[in-house]
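Novice: I'd like to ask some things about the structure below.
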Amino acid sequence: MTGTMTDDCLHRFLFDDLDIRGALVRLGPAWRAMIENRAYPAPVAQLLGEMSATTVLLGGQLKQPGRLTIQMRGSGPIALLVIDCNEALQIRGMAKCAEQPQPRSGLQLLGQGQLQLSLETASMREPYQSIVPLDGESIAEVFEHYLRQSDQMPARFFLAASSVAAAGLFLQKLPTAAERDADGWARVEALAATVQDAELLSVPAEELLRRLFPEEIVRLFPARAVTHNCPENWEKVRSMLRALGPGEVYAALREQGEVVVKDDICNRDYRFDARAIDELFRDSPSPKPPTLH
């Protein structure tokens, strides 16, 4: 078993003798970039961090170019958690929440809600989408229940998050596991449940797997890098404004003195003054409204 657990890396592994697969992820700079200048309350950041780790653990299974988007929507102080991840393990995400979500904590902050998973790949004619009620007391339980229903294969998630890191351990029982070792899944599951948050957030992958499963044969695959990816895309915003049409855009300009398009998931504003809007519609076939004074 070779490899180390470093920040912003996904490590897949396999119990060869048991037909159980797993993965470890720890996010450092990528996680901190996601929450920079967001001022999320601690309970909100923790849920977003746990969901970020989960999304990378699942997104790491993409075999072709594509994007996995996971959303949790709720009626509580947290209205939305959303993370997306592509096949290159580029992630971005955000939370929408009340400024002071106390006194509730954990998944209770979402209240009644739903889990939505969307998957887009180059080979799909249209995206796959699944929407189910939130079922569980934690992020881990919600996804364990979802995979048990959708894949018909038991899975476990062990998640941790702080202001500087987010991490997760994922295990899944493959269809032939019981034939290889009738007690293997129960044994591995019980051992994994002893992991502490501090270990997930700091211990190198090889050492952590050795600590948790000292008697098992674990094959650790090469690490894959994870990055936070939220580049500016002015042309996409311009195309969106052109699609809205000059009537609606100039109305917003008259009302506000500028047109501001907020990119919530990347925490960025795109601002257009009157000159920029005139330029935007200069070649538009629609008649341009009179110059603003």
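Quick note on naming: the chains in the structure tokens go A, B, ... in the order shown, residues restart at 1 in each chain, and ligands are numbered from 1 in order of appearance.
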Env of Gln116 in chain A: 10 Å cut, atoms = only C-alpha atoms, seq-sep filter 5 positions within chain, self excluded. Answer as a list in words.

Specialist: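 Selected residues are Thr69, Ile70, Gln71, Met72, Arg73, Val82, Gln129, Ser130, Ile131, Val132, Pro133 and Leu134 of chain A.
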
Novice: Extract the full set of strand (DSSP E or B) residues from range 28-106 of chain A according to DSSP on the backbone, and format it as a list of chain:residue names.

Specialist: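 Reading the DSSP output for range 28-106 of chain A, strand (DSSP E or B) covers A:Gly66, A:Arg67, A:Leu68, A:Thr69, A:Ile70, A:Gln71, A:Met72, A:Arg73, A:Gly74, A:Ile78, A:Ala79, A:Leu80, A:Leu81, A:Val82, A:Ile83, A:Asp84, A:Cys85, A:Asn86, A:Gln90, A:Ile91, A:Arg92, A:Gly93, A:Met94, A:Ala95, A:Lys96, A:Cys97.
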
Novice: Tell me, as a tab-separated table (two decimals) with N, CA, C and O atoms, in the first residue's frame, which residues lie within 6 Å of Val226 in chain A, counting only C-alpha atoms; anything in the same chain fewer than 4 positions away does not count.

Specialist:
```tsv
chain	number	residue	atom	x	y	z
A	8	ASP	N	-6.55	18.39	-0.79
A	8	ASP	CA	-7.09	18.46	-2.14
A	8	ASP	C	-6.72	17.24	-2.98
A	8	ASP	O	-6.31	17.35	-4.13
A	9	CYS	N	-6.89	16.07	-2.37
A	9	CYS	CA	-6.64	14.83	-3.08
A	9	CYS	C	-7.74	13.81	-2.79
A	9	CYS	O	-8.26	13.74	-1.67
A	89	LEU	N	-12.46	16.49	-11.29
A	89	LEU	CA	-12.53	16.80	-9.86
A	89	LEU	C	-12.36	18.30	-9.60
A	89	LEU	O	-11.72	18.72	-8.64
A	90	GLN	N	-12.93	19.10	-10.49
A	90	GLN	CA	-13.03	20.54	-10.27
A	90	GLN	C	-14.38	20.80	-9.61
A	90	GLN	O	-15.42	20.38	-10.13
```

Novice: In Å, how far is it from CA of Arg67 in chain A to CA of Tyr128 in chain A?

Specialist: 10.6 Å

Novice: Env of Ser52 in chain A: 9 Å cut, atoms = only C-alpha atoms, seq-sep filter 5 positions within chain, self excluded. Answer as a PyMOL selection string.

Specialist: chain A and resi 27+31+47+57+82-85+91-93+166-167

Novice: Run DSSP on the backbone and grab whatever in range 44-175 of chain A lands in alpha helix (DSSP H); send it over as number ranges by chain.

Specialist: A: 44-59, 139-150

Novice: Grab the residues selected above and save them as an mmCIF file, in the first residue's frame with C-alpha atoms.

Specialist:
```cif
data_model
loop_
_atom_site.group_PDB
_atom_site.id
_atom_site.type_symbol
_atom_site.label_atom_id
_atom_site.label_comp_id
_atom_site.auth_asym_id
_atom_site.auth_seq_id
_atom_site.Cartn_x
_atom_site.Cartn_y
_atom_site.Cartn_z
ATOM 1 C CA VAL A 44 -23.747 25.896 7.802
ATOM 2 C CA ALA A 45 -20.081 25.616 6.825
ATOM 3 C CA GLN A 46 -19.904 22.175 8.409
ATOM 4 C CA LEU A 47 -22.838 20.857 6.364
ATOM 5 C CA LEU A 48 -21.456 22.416 3.169
ATOM 6 C CA GLY A 49 -18.029 20.910 3.875
ATOM 7 C CA GLU A 50 -19.474 17.454 4.475
ATOM 8 C CA MET A 51 -21.498 17.721 1.283
ATOM 9 C CA SER A 52 -18.427 18.903 -0.645
ATOM 10 C CA ALA A 53 -16.477 15.831 0.471
ATOM 11 C CA THR A 54 -19.412 13.589 -0.442
ATOM 12 C CA THR A 55 -19.745 15.121 -3.908
ATOM 13 C CA VAL A 56 -16.052 14.528 -4.637
ATOM 14 C CA LEU A 57 -16.310 10.939 -3.379
ATOM 15 C CA LEU A 58 -19.194 10.318 -5.794
ATOM 16 C CA GLY A 59 -17.870 12.505 -8.620
ATOM 17 C CA ILE A 139 -25.422 14.257 5.407
ATOM 18 C CA ALA A 140 -23.851 10.787 5.679
ATOM 19 C CA GLU A 141 -27.166 9.090 6.442
ATOM 20 C CA VAL A 142 -28.955 10.858 3.594
ATOM 21 C CA PHE A 143 -26.460 9.560 1.032
ATOM 22 C CA GLU A 144 -26.238 6.097 2.568
ATOM 23 C CA HIS A 145 -30.009 5.817 2.235
ATOM 24 C CA TYR A 146 -29.941 7.194 -1.311
ATOM 25 C CA LEU A 147 -27.313 4.709 -2.515
ATOM 26 C CA ARG A 148 -29.037 1.818 -0.783
ATOM 27 C CA GLN A 149 -32.197 2.663 -2.724
ATOM 28 C CA SER A 150 -30.610 3.537 -6.074
#
```

Novice: Can you measure CA of Pro204 in chain A to CA of Lys63 in chain A for me? One decimal in Å is fine.

Specialist: 25.8 Å

Novice: State, in Å with one decimal place, the distance from CA of Leu62 in chain A to CA of Ser163 in chain A.

Specialist: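 Between CA of Leu62 in chain A and CA of Ser163 in chain A the gap works out to 27.9 Å.
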
Novice: Determine the nearest neighbour of Asn86 in chain A from the options A:Asp151, A:Glu258, A:Leu110, A:Thr227, counting only C-alpha atoms.

Specialist: A:Thr227

Novice: Which residues are close to Leu107 in chain A, i.e. within 9 Å by only C-alpha atoms, leaving aside same-chain residues fewer than 2 positions away? Reply as a short mmCIF file (atom, residue, chain, number, x, y, z; two decimals) with all heavy atoms, in the first residue's frame.

Specialist:
```
data_model
loop_
_atom_site.label_atom_id
_atom_site.label_comp_id
_atom_site.auth_asym_id
_atom_site.auth_seq_id
_atom_site.Cartn_x
_atom_site.Cartn_y
_atom_site.Cartn_z
N LEU A 47 -22.01 21.63 7.29
CA LEU A 47 -22.84 20.86 6.36
C LEU A 47 -22.34 20.99 4.93
O LEU A 47 -22.29 20.01 4.18
CB LEU A 47 -24.29 21.32 6.45
CG LEU A 47 -25.06 20.94 7.71
CD1 LEU A 47 -26.48 21.49 7.64
CD2 LEU A 47 -25.09 19.43 7.92
N ARG A 104 -31.13 25.54 15.99
CA ARG A 104 -31.01 24.21 15.41
C ARG A 104 -29.61 23.97 14.87
O ARG A 104 -28.88 24.90 14.58
CB ARG A 104 -32.04 24.03 14.29
CG ARG A 104 -33.47 23.84 14.80
CD ARG A 104 -34.43 23.66 13.65
NE ARG A 104 -34.79 24.94 13.05
CZ ARG A 104 -35.61 25.06 12.01
NH1 ARG A 104 -36.14 23.99 11.47
NH2 ARG A 104 -35.90 26.25 11.52
N SER A 105 -29.26 22.71 14.73
CA SER A 105 -27.94 22.40 14.19
C SER A 105 -28.07 21.18 13.29
O SER A 105 -29.11 20.52 13.23
CB SER A 105 -26.94 22.13 15.31
OG SER A 105 -27.35 21.01 16.07
N LEU A 109 -31.23 22.05 10.24
CA LEU A 109 -31.23 23.41 9.68
C LEU A 109 -31.91 23.46 8.32
O LEU A 109 -32.32 24.53 7.86
CB LEU A 109 -29.80 23.93 9.57
CG LEU A 109 -29.11 24.25 10.89
CD1 LEU A 109 -27.62 24.48 10.69
CD2 LEU A 109 -29.74 25.48 11.53
N LEU A 110 -32.00 22.32 7.63
CA LEU A 110 -32.67 22.29 6.34
C LEU A 110 -34.18 22.11 6.48
O LEU A 110 -34.93 22.43 5.55
CB LEU A 110 -32.10 21.15 5.48
CG LEU A 110 -30.79 21.48 4.76
CD1 LEU A 110 -29.98 20.23 4.50
CD2 LEU A 110 -31.06 22.20 3.45
N GLY A 111 -34.62 21.59 7.61
CA GLY A 111 -36.04 21.34 7.78
C GLY A 111 -36.53 20.28 6.80
O GLY A 111 -35.80 19.38 6.39
N GLY A 136 -32.80 10.97 6.65
CA GLY A 136 -31.63 10.74 7.49
C GLY A 136 -31.42 11.90 8.44
O GLY A 136 -31.98 12.98 8.27
N GLU A 137 -30.58 11.66 9.44
CA GLU A 137 -30.30 12.68 10.45
C GLU A 137 -29.00 13.43 10.17
O GLU A 137 -28.64 14.33 10.92
CB GLU A 137 -30.22 12.02 11.83
CG GLU A 137 -31.51 11.34 12.27
CD GLU A 137 -32.66 12.31 12.40
OE1 GLU A 137 -32.44 13.42 12.94
OE2 GLU A 137 -33.78 11.98 11.96
N SER A 138 -28.28 13.05 9.13
CA SER A 138 -26.99 13.68 8.81
C SER A 138 -26.77 13.59 7.31
O SER A 138 -27.47 12.85 6.60
CB SER A 138 -25.85 12.97 9.54
OG SER A 138 -25.72 11.63 9.06
N ILE A 139 -25.80 14.35 6.82
CA ILE A 139 -25.42 14.26 5.41
C ILE A 139 -25.05 12.81 5.06
O ILE A 139 -25.48 12.26 4.05
CB ILE A 139 -24.23 15.19 5.09
CG1 ILE A 139 -24.60 16.66 5.34
CG2 ILE A 139 -23.74 14.99 3.65
CD1 ILE A 139 -25.49 17.29 4.33
#
```

Novice: If we count only C-alpha atoms and set the cut-off at 10 Å, which residues sit around Ala178 in chain A, ignoring sequence neighbours fewer than 4 positions away in its own chain? Please answer as a PyMOL selection string.

Specialist: chain A and resi 18-20+173-174+182-185

Novice: Can you list, as a list in words, every protein, DNA or RNA residue that comes within 9 Å of Asp273 in chain A when you count only C-alpha atoms, leaving out same-chain residues fewer than 3 positions away?

Specialist: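 Here the answer would be Leu253, Gly257, Glu258, Val259, Val260, Ala276, Ile277 and Asp278 of chain A.
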
Novice: Nearest to Ala252 in chain A among A:Ala95, A:Ala274, A:Val188, A:Leu280, with distances taken over only C-alpha atoms: which residue is it?

Specialist: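 Looking only at the distances to Ala252 in chain A, the closest residue turns out to be A:Ala274.
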